[in-house]
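One structure is given here, and the rest of the page talks about it.
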Amino acid sequence: MKKLYIATYGCQMNVYDSGRITDLLAPLGYAPTASAEDADLVILNTCHIREKATEKVYSELGKLKLVKDRGAREGRSVFIGVAGCVAQAEGAEILARQPAVDIVVGPQSYHRLPVLIDRLLRSEERTVELDFPAQEKFDALPQHRSASAPAAFLTIQEGCDKFCTFCVVPYTRGTEFSRPVVKIEQEARQLASRGVRELTLLGQNVNAYRGEGPDGKAWNLARLIGRLATIPSVERLRYTTSHPRDMTADLIAAHRDETKLMPYLHLPVQSGSDRMLKAMNRGHNRDSYLRLVEEVRRARTDLALSSDFIVGFPGETDADFEATLDLVKQVCFAQAFSFKYSARPGTPASGMEGQVPENVKSERLLILQALITGHARVFNAAMYDRVLPVLFDRKGRLPGQAAGRSPYLQPVHVDGAAPYIGEIHDVRISKVLPNSLHGELIKAEIGAAN
């Protein structure tokens with residue numbers, strides 16, 4: 001057996017893709033290894049969202065060149081590949097800057113890795129593959145997926161047509177493509193047969209899903225969720241990442257009516273300022289977002305909301321930033337992700353006037369994160385002494401301990417729960433920690449289940 005090491009950066013989509021690459025290369029005799037030092041093939045599955053992502057890739061490639069040189073001295077070949085969004089954005093420049101790289105493959109072309117590796121072995125030809133055949137990619141991937149945990153990601157949609165002025169996704173992932181319902185259901189049922197109990201449906205703009213249904217008509221995300229909910233052993237469904245413009249009435253209703261759809265919604269707003277939202281080309285404004293929040297909370301009263309924020313977008317004033325803080329105070333997110341604006345080459349925002357100084361961005365980010373953290377602590381504190389169903393998906397740090405997720409996506413640690421990994425059990429929350437919850441098993445519930 002040859003050894004494969006994949007380093008994954010960025011979003012859940014890359015996590016999904018890395019898993020599929022592992023499945024794809026297994027028939028070629030590649031088995032996963034936890035170390036690049038003893039691998040025969042090393043792949044960096046990269047993310048291009050942040051400004052320093054590209055330079056980080058080149059830094060890692062410099063270290064991998066030393067691994068490759070050491071392998072050559074020991075008489076064995078080590079091949080290096082760069083996949084993902086940095087590969088798509090940089091292309092042949094990667095080969096020019098780092099001669100140790102053998103293959104550069106974009107996120108829509110990684111299904112061709114077996115062909116590229118074969119070409120490399122036969123002719124030592126270094127290759128760049130950057131096409132956008134999304135349909136062909138999914139058709140070419142192995143029908144069966146490996147599953148090592150009771151929770152899994154499932155890509156249903158890729159690409160984005162929104163063209164937010166700060167975002168590289170339309171350029172690195174292409175325009176929106178939705179997989180057919182039948183293909184998604186097949187993959188979901190196969191994962192369920194391997195012990196998966198929770199599925200997170202993935203897409204760069206997942207609620208824009210419009211895949212061909214069994215009836216030949218376009219199905220939306222709400223209808224797809226209803227279909228997947230009929231799989232008996234799939235007990236939990238989630239989806240990410242959403243766009244406010246695509247939160248339809250029937251999707252909101254699904255949060256009310258579908259018991260398997262978890263009470264957690266990630267709904268990026270990016271800013272609380274209408275002026276900034278317009279400059280970002282978000283297609284929604286502050287009031288429409290707040291009305292949407294009101295609608296989804298009316299549909300599901302226990303819904304936990306999370307979001308994304310960018311501070312220091314070009315032209316952002318103190319008043320614009322205060323509008324963001326005010327929106328956060330109104331919504332009280334259970335959690336949120338916030339970042340300093342990062343200029344991406346080729347995006348409209350990178351050339352805008354009014355670039356905000358780095359020290360101002362840093363100061364604003366600290367203020368915003370302190371506010372978000374305060375709301376998150378209040379939300380988590382409200383879990384104390386509540387009984388929550390927890391899906392145990394991994395071992396904890398202590399002997400006999402298991403860790404899992406609440407319906408609200410909070411990490412929960414429980415002593416003595418290791419025998420129940422892969423199962424959902426009721427847990428009484430006994431301690432609220434800064435980044436997780438600690439609880440105790442409801443013994444009567446386990447006894448009844450057994």
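Labels used: A, B, ... for chains in the order of the structure tokens, numbers from 1 for residues in each chain, and numbers from 1 for ligands as shown.
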Considering only C-alpha atoms, tabulate each residue of range 221-302 of chain A that lies at most 12 Å from range 10-25 of chain A along with its nearest interatomic pair and the corresponding distance in Å to one decimal; arrange the rows by chain and ascending residue number and present them as a tab-separated table.
```
residue	atom	partner	partner_atom	distance
A:Tyr239	CA	A:Gln12	CA	10.9
A:Thr240	CA	A:Gln12	CA	8.8
A:Thr241	CA	A:Gln12	CA	9.5
```
**Request:** Show which residues sit within 12 Å of Gly106 in chain A, as a PyMOL selection string. Count only C-alpha atoms, and ignore same-chain residues fewer than 4 positions away.
**Result:** chain A and resi 14+17+44-48+81-92+110-113+127-134+137+171-174
Residues just named, written with C-alpha atoms as a PDB file, in the first residue's frame:
```pdb
ATOM      1  CA  ASN A  14     -13.048  21.172   1.436  1.00  0.00           C
ATOM      2  CA  ASP A  17     -13.757  17.042  -0.982  1.00  0.00           C
ATOM      3  CA  LEU A  44      -2.823  20.327   0.081  1.00  0.00           C
ATOM      4  CA  ASN A  45      -6.555  21.002  -0.291  1.00  0.00           C
ATOM      5  CA  THR A  46      -6.535  24.767  -0.104  1.00  0.00           C
ATOM      6  CA  CYS A  47      -8.806  27.718   0.661  1.00  0.00           C
ATOM      7  CA  HIS A  48      -8.527  31.141  -0.991  1.00  0.00           C
ATOM      8  CA  GLY A  81      -0.339  18.005  -5.318  1.00  0.00           C
ATOM      9  CA  VAL A  82      -2.164  21.278  -4.692  1.00  0.00           C
ATOM     10  CA  ALA A  83      -5.953  21.124  -4.883  1.00  0.00           C
ATOM     11  CA  GLY A  84      -8.801  23.459  -4.019  1.00  0.00           C
ATOM     12  CA  CYS A  85      -9.373  27.167  -4.491  1.00  0.00           C
ATOM     13  CA  VAL A  86      -5.764  28.399  -4.320  1.00  0.00           C
ATOM     14  CA  ALA A  87      -4.971  25.876  -7.052  1.00  0.00           C
ATOM     15  CA  GLN A  88      -7.819  27.286  -9.146  1.00  0.00           C
ATOM     16  CA  ALA A  89      -6.735  30.882  -8.567  1.00  0.00           C
ATOM     17  CA  GLU A  90      -2.977  30.448  -8.981  1.00  0.00           C
ATOM     18  CA  GLY A  91      -2.845  27.707 -11.623  1.00  0.00           C
ATOM     19  CA  ALA A  92       0.487  27.273 -13.386  1.00  0.00           C
ATOM     20  CA  TYR A 110     -10.159  16.575  -8.631  1.00  0.00           C
ATOM     21  CA  HIS A 111     -12.077  13.588  -9.989  1.00  0.00           C
ATOM     22  CA  ARG A 112      -9.341  13.443 -12.645  1.00  0.00           C
ATOM     23  CA  LEU A 113      -6.608  12.797 -10.082  1.00  0.00           C
ATOM     24  CA  THR A 127       0.021  18.906 -14.761  1.00  0.00           C
ATOM     25  CA  VAL A 128      -2.425  21.753 -14.195  1.00  0.00           C
ATOM     26  CA  GLU A 129      -6.127  20.847 -14.423  1.00  0.00           C
ATOM     27  CA  LEU A 130      -8.580  23.708 -13.861  1.00  0.00           C
ATOM     28  CA  ASP A 131     -11.766  22.912 -15.790  1.00  0.00           C
ATOM     29  CA  PHE A 132     -15.261  23.408 -14.324  1.00  0.00           C
ATOM     30  CA  PRO A 133     -17.147  20.179 -15.192  1.00  0.00           C
ATOM     31  CA  ALA A 134     -19.204  19.935 -11.975  1.00  0.00           C
ATOM     32  CA  LYS A 137     -17.039  15.421 -11.382  1.00  0.00           C
ATOM     33  CA  TYR A 171     -14.104  32.604  -9.737  1.00  0.00           C
ATOM     34  CA  THR A 172     -12.700  29.537  -7.966  1.00  0.00           C
ATOM     35  CA  ARG A 173     -15.796  27.309  -7.707  1.00  0.00           C
ATOM     36  CA  GLY A 174     -17.732  28.524 -10.739  1.00  0.00           C
TER      37      GLY A 174
END
```
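If you look at CA of Asp320 in chain A and CA of Glu295 in chain A, they are 25.1 Å away from each other.
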Pull the closest atom pair for each residue of range 154-253 of chain A that gets at most 9 Å from range 263-281 of chain A, along with the distance in Å to one decimal, counting only C-alpha atoms, ordering rows by chain and then ascending residue number, as a tab-separated table.
```
residue	atom	partner	partner_atom	distance
A:Lys162	CA	A:Asn281	CA	7.9
A:Phe163	CA	A:Asn281	CA	7.2
A:Cys164	CA	A:Asn281	CA	5.0
A:Thr165	CA	A:Met280	CA	5.0
A:Phe166	CA	A:Met280	CA	6.5
A:Arg238	CA	A:Tyr264	CA	7.6
A:Tyr239	CA	A:Leu265	CA	7.8
A:Thr240	CA	A:His266	CA	6.4
A:Thr241	CA	A:His266	CA	6.4
A:Ser242	CA	A:Leu267	CA	5.5
A:His243	CA	A:Leu267	CA	6.3
A:Pro244	CA	A:Leu267	CA	6.4
```
**Message:** DSSP on the backbone: which residues in range 102-341 of chain A end up as alpha helix (DSSP H)? Give the answer as a ChimeraX atom specification.
**Reply:** /A:113-123,134-140,169-172,181-193,221-228,249-257,274-280,286-299,318-331
**Request:** Take CA of Pro114 in chain A and CA of Leu61 in chain A and report the distance between them in Å, one decimal.
**Result:** 21.6 Å
**Message:** Here is a test: counting only C-alpha atoms, which residue of A:Arg194, A:Ala218, A:Thr200, A:Ser342 is nearest to Arg179 in chain A?
**Reply:**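 So, comparing all the options, the nearest one is A:Ala218.
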